[in-house]
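Participant: Compact mmCIF, C-alpha atoms, saved as model.txt, coming up:
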```
# COMPACT_ATOMS: atom_id res chain seq x y z
CA ILE O 125 -39.21 5.98 22.73
CA GLN O 126 -38.21 2.64 21.38
CA ILE O 127 -36.24 2.46 18.17
CA ARG O 128 -37.02 -0.51 16.01
CA ARG O 129 -34.17 -1.90 13.97
CA GLU O 130 -34.77 -4.32 11.19
CA LYS O 131 -32.15 -6.59 9.77
CA VAL O 132 -31.62 -5.96 6.06
CA ASN O 133 -30.30 -8.74 3.88
CA ALA O 134 -28.45 -6.92 1.13
CA ARG O 135 -26.67 -8.82 -1.60
CA LEU O 136 -23.21 -7.38 -1.68
CA PRO O 137 -20.92 -7.91 -4.67
CA LYS O 138 -18.43 -10.74 -4.45
CA ILE O 139 -15.09 -9.60 -3.04
CA GLU O 140 -12.17 -10.49 -5.27
CA LEU O 141 -8.97 -11.20 -3.40
CA PRO O 142 -5.81 -10.00 -5.10
CA LYS O 143 -3.10 -12.35 -6.29
CA PHE O 144 0.24 -12.09 -4.53
CA ARG O 145 3.42 -12.58 -6.55
CA GLY O 146 6.08 -11.73 -3.98
CA ASP O 147 6.46 -7.93 -4.03
CA PRO O 148 6.95 -6.99 -0.37
CA SER O 149 5.21 -3.63 -0.89
CA ASN O 150 2.02 -5.55 -1.79
CA TRP O 151 2.28 -8.00 1.10
CA GLN O 152 0.41 -6.14 3.83
CA PRO O 153 -2.71 -5.26 1.81
CA PHE O 154 -2.86 -8.82 0.46
CA TRP O 155 -2.32 -10.44 3.86
CA ASP O 156 -4.76 -8.17 5.72
CA LYS O 157 -7.50 -8.92 3.19
CA PHE O 158 -6.75 -12.65 3.19
CA LEU O 159 -6.83 -12.84 6.99
CA ALA O 160 -10.09 -10.90 7.21
CA ILE O 161 -11.95 -12.80 4.51
CA VAL O 162 -10.47 -16.31 4.52
CA ASP O 163 -8.45 -16.96 7.66
CA GLU O 164 -11.16 -15.64 10.01
CA SER O 165 -13.86 -17.66 8.26
CA ASP O 166 -15.21 -20.92 9.61
CA MET O 167 -14.02 -23.06 6.70
CA SER O 168 -11.60 -25.90 7.39
CA PRO O 169 -7.84 -25.23 7.41
CA VAL O 170 -7.32 -27.42 4.36
CA ASN O 171 -9.84 -25.32 2.40
CA LYS O 172 -8.16 -22.13 3.62
CA PHE O 173 -4.83 -23.54 2.45
CA SER O 174 -6.29 -24.38 -0.94
CA TYR O 175 -7.68 -20.87 -1.23
CA LEU O 176 -4.31 -19.40 -0.18
CA GLN O 177 -2.44 -21.43 -2.80
CA SER O 178 -4.85 -20.24 -5.50
CA LEU O 179 -3.97 -16.63 -4.68
CA LEU O 180 -0.20 -17.08 -4.81
CA GLN O 181 1.89 -16.73 -7.95
CA ASP O 182 5.55 -16.66 -8.96
CA GLU O 183 7.94 -16.22 -6.02
CA ALA O 184 5.16 -16.43 -3.44
CA LEU O 185 3.88 -19.73 -4.80
CA ALA O 186 7.43 -21.10 -4.91
CA CYS O 187 7.76 -20.25 -1.21
CA VAL O 188 5.13 -22.83 -0.26
CA ALA O 189 5.82 -25.32 -3.05
CA GLY O 190 6.09 -28.91 -1.88
CA LEU O 191 3.69 -28.57 1.04
CA SER O 192 0.92 -31.11 0.68
CA LEU O 193 -2.65 -29.93 1.10
CA THR O 194 -3.30 -30.71 4.79
CA ASP O 195 -4.66 -28.88 7.82
CA ASP O 196 -1.22 -28.75 9.48
CA ASN O 197 0.47 -27.42 6.36
CA TYR O 198 -1.89 -24.45 6.25
CA GLU O 199 -0.26 -23.10 9.40
CA SER O 200 3.19 -23.97 8.01
CA ALA O 201 2.43 -22.07 4.81
CA LYS O 202 1.31 -19.00 6.74
CA VAL O 203 4.53 -19.05 8.79
CA LEU O 204 6.71 -19.47 5.68
CA LEU O 205 4.97 -16.63 3.85
CA GLN O 206 5.09 -14.33 6.88
CA LYS O 207 8.82 -15.00 7.40
CA ARG O 208 9.61 -14.42 3.75
CA PHE O 209 7.38 -11.49 2.80
CA GLY O 210 6.04 -10.09 6.07
CA ARG O 211 9.30 -8.84 7.56
CA LYS O 212 8.79 -5.20 8.48
CA GLU O 213 12.27 -4.12 7.39
CA LYS O 214 11.85 -5.73 3.97
CA ILE O 215 8.46 -4.05 3.48
CA ILE O 216 9.84 -0.65 4.53
CA PHE O 217 12.80 -1.04 2.19
CA SER O 218 10.46 -1.93 -0.67
CA HIS O 219 8.31 1.16 -0.12
CA ILE O 220 11.35 3.42 0.13
CA GLN O 221 12.65 1.96 -3.14
CA LYS O 222 9.28 2.66 -4.77
CA LEU O 223 9.40 6.24 -3.53
CA LEU O 224 12.90 6.70 -4.91
CA SER O 225 11.90 5.32 -8.31
CA ILE O 226 8.67 7.29 -8.75
CA SER O 227 8.73 9.46 -11.82
CA GLN O 228 6.18 11.72 -13.38
CA ASN O 229 4.65 10.06 -16.41
CA LYS O 230 4.83 11.60 -19.87
CA SER O 231 1.28 12.96 -19.75
CA ASN O 232 2.27 15.37 -16.95
CA ASN O 233 -0.35 13.79 -14.74
CA LEU O 234 0.50 15.38 -11.42
CA TRP O 235 -2.35 13.55 -9.70
CA SER O 236 -0.69 10.25 -10.60
CA LEU O 237 2.63 11.38 -9.11
CA TYR O 238 0.86 12.68 -6.01
CA ASP O 239 -1.15 9.46 -5.56
CA GLN O 240 1.91 7.24 -5.95
CA VAL O 241 3.81 9.21 -3.31
CA GLN O 242 0.82 9.28 -0.95
CA ALA O 243 0.27 5.51 -1.26
CA CYS O 244 3.87 4.79 -0.25
CA VAL O 245 3.82 7.40 2.53
CA ARG O 246 0.60 5.93 3.98
CA SER O 247 2.02 2.42 3.83
CA LEU O 248 5.15 3.55 5.67
CA GLU O 249 3.06 5.36 8.29
CA ASN O 250 1.09 2.14 8.84
CA LEU O 251 4.43 0.51 9.63
CA GLY O 252 5.31 3.27 12.12
CA ILE O 253 7.69 5.21 9.83
CA GLN O 254 6.91 8.92 9.74
CA GLY O 255 7.73 11.29 6.88
CA ASP O 256 10.12 13.33 8.99
CA THR O 257 12.38 10.27 9.07
CA TYR O 258 13.00 10.26 5.30
CA GLY O 259 11.49 13.56 4.11
CA VAL O 260 14.82 15.33 3.86
CA LEU O 261 15.90 12.77 1.23
CA LEU O 262 12.60 12.36 -0.56
CA THR O 263 11.50 15.99 -0.88
CA PRO O 264 14.26 16.99 -3.35
CA MET O 265 13.58 13.87 -5.41
CA ILE O 266 9.89 14.66 -5.70
CA LEU O 267 10.64 18.29 -6.52
CA HIS O 268 12.94 17.11 -9.31
CA GLN O 269 9.98 15.30 -10.91
CA LEU O 270 7.83 18.44 -11.00
CA PRO O 271 7.59 20.87 -13.92
CA SER O 272 9.79 23.95 -13.55
CA HIS O 273 6.85 26.36 -13.07
CA ILE O 274 5.66 24.36 -10.04
CA ARG O 275 9.20 24.19 -8.64
CA LEU O 276 9.30 27.98 -8.92
CA GLU O 277 6.09 28.24 -6.88
CA TRP O 278 7.60 25.85 -4.35
CA ALA O 279 10.69 28.04 -4.06
CA ARG O 280 8.47 30.98 -3.17
CA SER O 281 6.52 29.21 -0.43
CA GLY O 282 8.76 26.36 0.70
CA GLU O 283 11.70 28.29 2.09
CA GLU O 284 13.04 26.55 5.22
CA LYS O 285 10.70 23.62 4.56
CA GLU O 286 13.04 21.79 2.19
CA GLY O 287 12.89 18.56 4.20
CA ASP O 288 9.24 18.76 5.25
CA LEU O 289 7.50 16.05 3.26
CA GLU O 290 4.07 16.83 4.71
CA PHE O 291 4.39 20.48 3.68
CA LEU O 292 5.45 19.46 0.16
CA LEU O 293 2.49 17.11 -0.22
CA GLU O 294 0.07 19.81 0.99
CA PHE O 295 1.68 22.30 -1.39
CA LEU O 296 1.47 19.86 -4.30
CA PHE O 297 -2.17 19.04 -3.55
CA GLY O 298 -3.04 22.75 -3.54
CA GLU O 299 -1.12 23.41 -6.75
CA ILE O 300 -2.82 20.55 -8.57
CA GLN O 301 -6.26 21.72 -7.45
CA ARG O 302 -5.57 25.30 -8.55
CA ARG O 303 -4.48 24.13 -11.99
CA GLU O 304 -7.58 22.03 -12.62
```
Turn this file's structure into structure tokens for me.
Facilitator:
Amino acid sequence: IQIRREKVNARLPKIELPKFRGDPSNWQPFWDKFLAIVDESDMSPVNKFSYLQSLLQDEALACVAGLSLTDDNYESAKVLLQKRFGRKEKIIFSHIQKLLSISQNKSNNLWSLYDQVQACVRSLENLGIQGDTYGVLLTPMILHQLPSHIRLEWARSGEEKEGDLEFLLEFLFGEIQRRE
């Protein structure tokens, strides 16, 4: 049996690249997308550099200010940006700071709290930092943001799991689903 495959020319929507202002916690998603869509393309380096400059704002744009629009300066700009915003330790620190500053919003939207924590945890895991490294510090801070009735449920099921971030996130996910 021979399977016949036909090439389909679908018109996909235009991909919008995000702007990058200089927040280290936003560096990796920005850079990964830029590399995949622009840097790996077959356009000239000077056009890539122009595109890169158009996506930078504030501190990030200031980082490459003064470089003239040339092929060679495209590589220089990438190196400068990577040195300034792509340092693993700086990115990790930024995500940890975000985790420490997360607070439940006034609407008691537990999904929002859960999603914010998960986004930072996933980003840290992508950098090789596992939850057991910082869970003992973060778990009490997350619990503090939860309503008292959910903390009471946690106390019933979370005994001896006080520093287990993965367990807390599974517990929180289950609690949110039950309350919907």
Participant: Can you measure atom CA of O:Glu140 to atom CA of O:Asn233 for me? One decimal in Å is fine.
Facilitator: 28.6 Å
Participant: Pick the closest to O:Leu262 from O:Leu159, O:Leu248, O:Ala279, O:Ile220: which is it, counting only C-alpha atoms?
Facilitator: O:Ile220
Participant: Env of stretch 183-192 of chain O: 12 Å cut, atoms = all atoms listed in the file, seq-sep filter 2 positions within chain, self excluded. Answer as a VMD selection string.
Facilitator: chain O and resid 143 to 148 150 to 151 154 170 173 to 174 176 to 181 194 to 210
Participant: List as a list in words the protein and nucleic acid residues near O:Lys172, meaning an atom at most 8 Å away when only C-alpha atoms are counted, but skip any in the same chain fewer than 3 places from it.
Facilitator: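 In the requested form, the answer reads Val162, Asp163, Met167, Ser168, Pro169, Tyr175, Leu176 and Tyr198 of chain O.
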Participant: Grab the atom CA of O:Val260 to atom CA of O:Glu304 distance for me, in Å with one decimal place.
Facilitator: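 Those two atoms sit 28.6 Å apart.
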Participant: Might you pull out every residue within 12 Å of O:Leu296, with only C-alpha atoms counted and same-chain residues fewer than 4 positions away left off, and present them as a ChimeraX atom specification?
Facilitator: /O:234-239,241-242,263,266-267,269-271,274-275,277-278,281-282,289-292,300-303
Participant: From the set O:Ser165, O:Asn250, O:Asn171, O:Ser149, which residue has the shortest atom-to-atom contact distance to O:Phe217, counting all atoms listed in the file?
Facilitator: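 Residue with the minimum atom-to-atom distance to O:Phe217: O:Ser149.
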Participant: Grab the atom CA of O:Lys138 to atom CA of O:Asp166 distance for me, in Å with one decimal place.
Facilitator: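 That distance, rounded to one decimal, is 17.7 Å.
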Participant: From the list O:Arg135, O:Leu261, O:Arg280, O:Ser247, which residue is nearest O:Phe295 when using all atoms listed in the file?
Facilitator: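 Distance minimum relative to O:Phe295 lands on O:Arg280.
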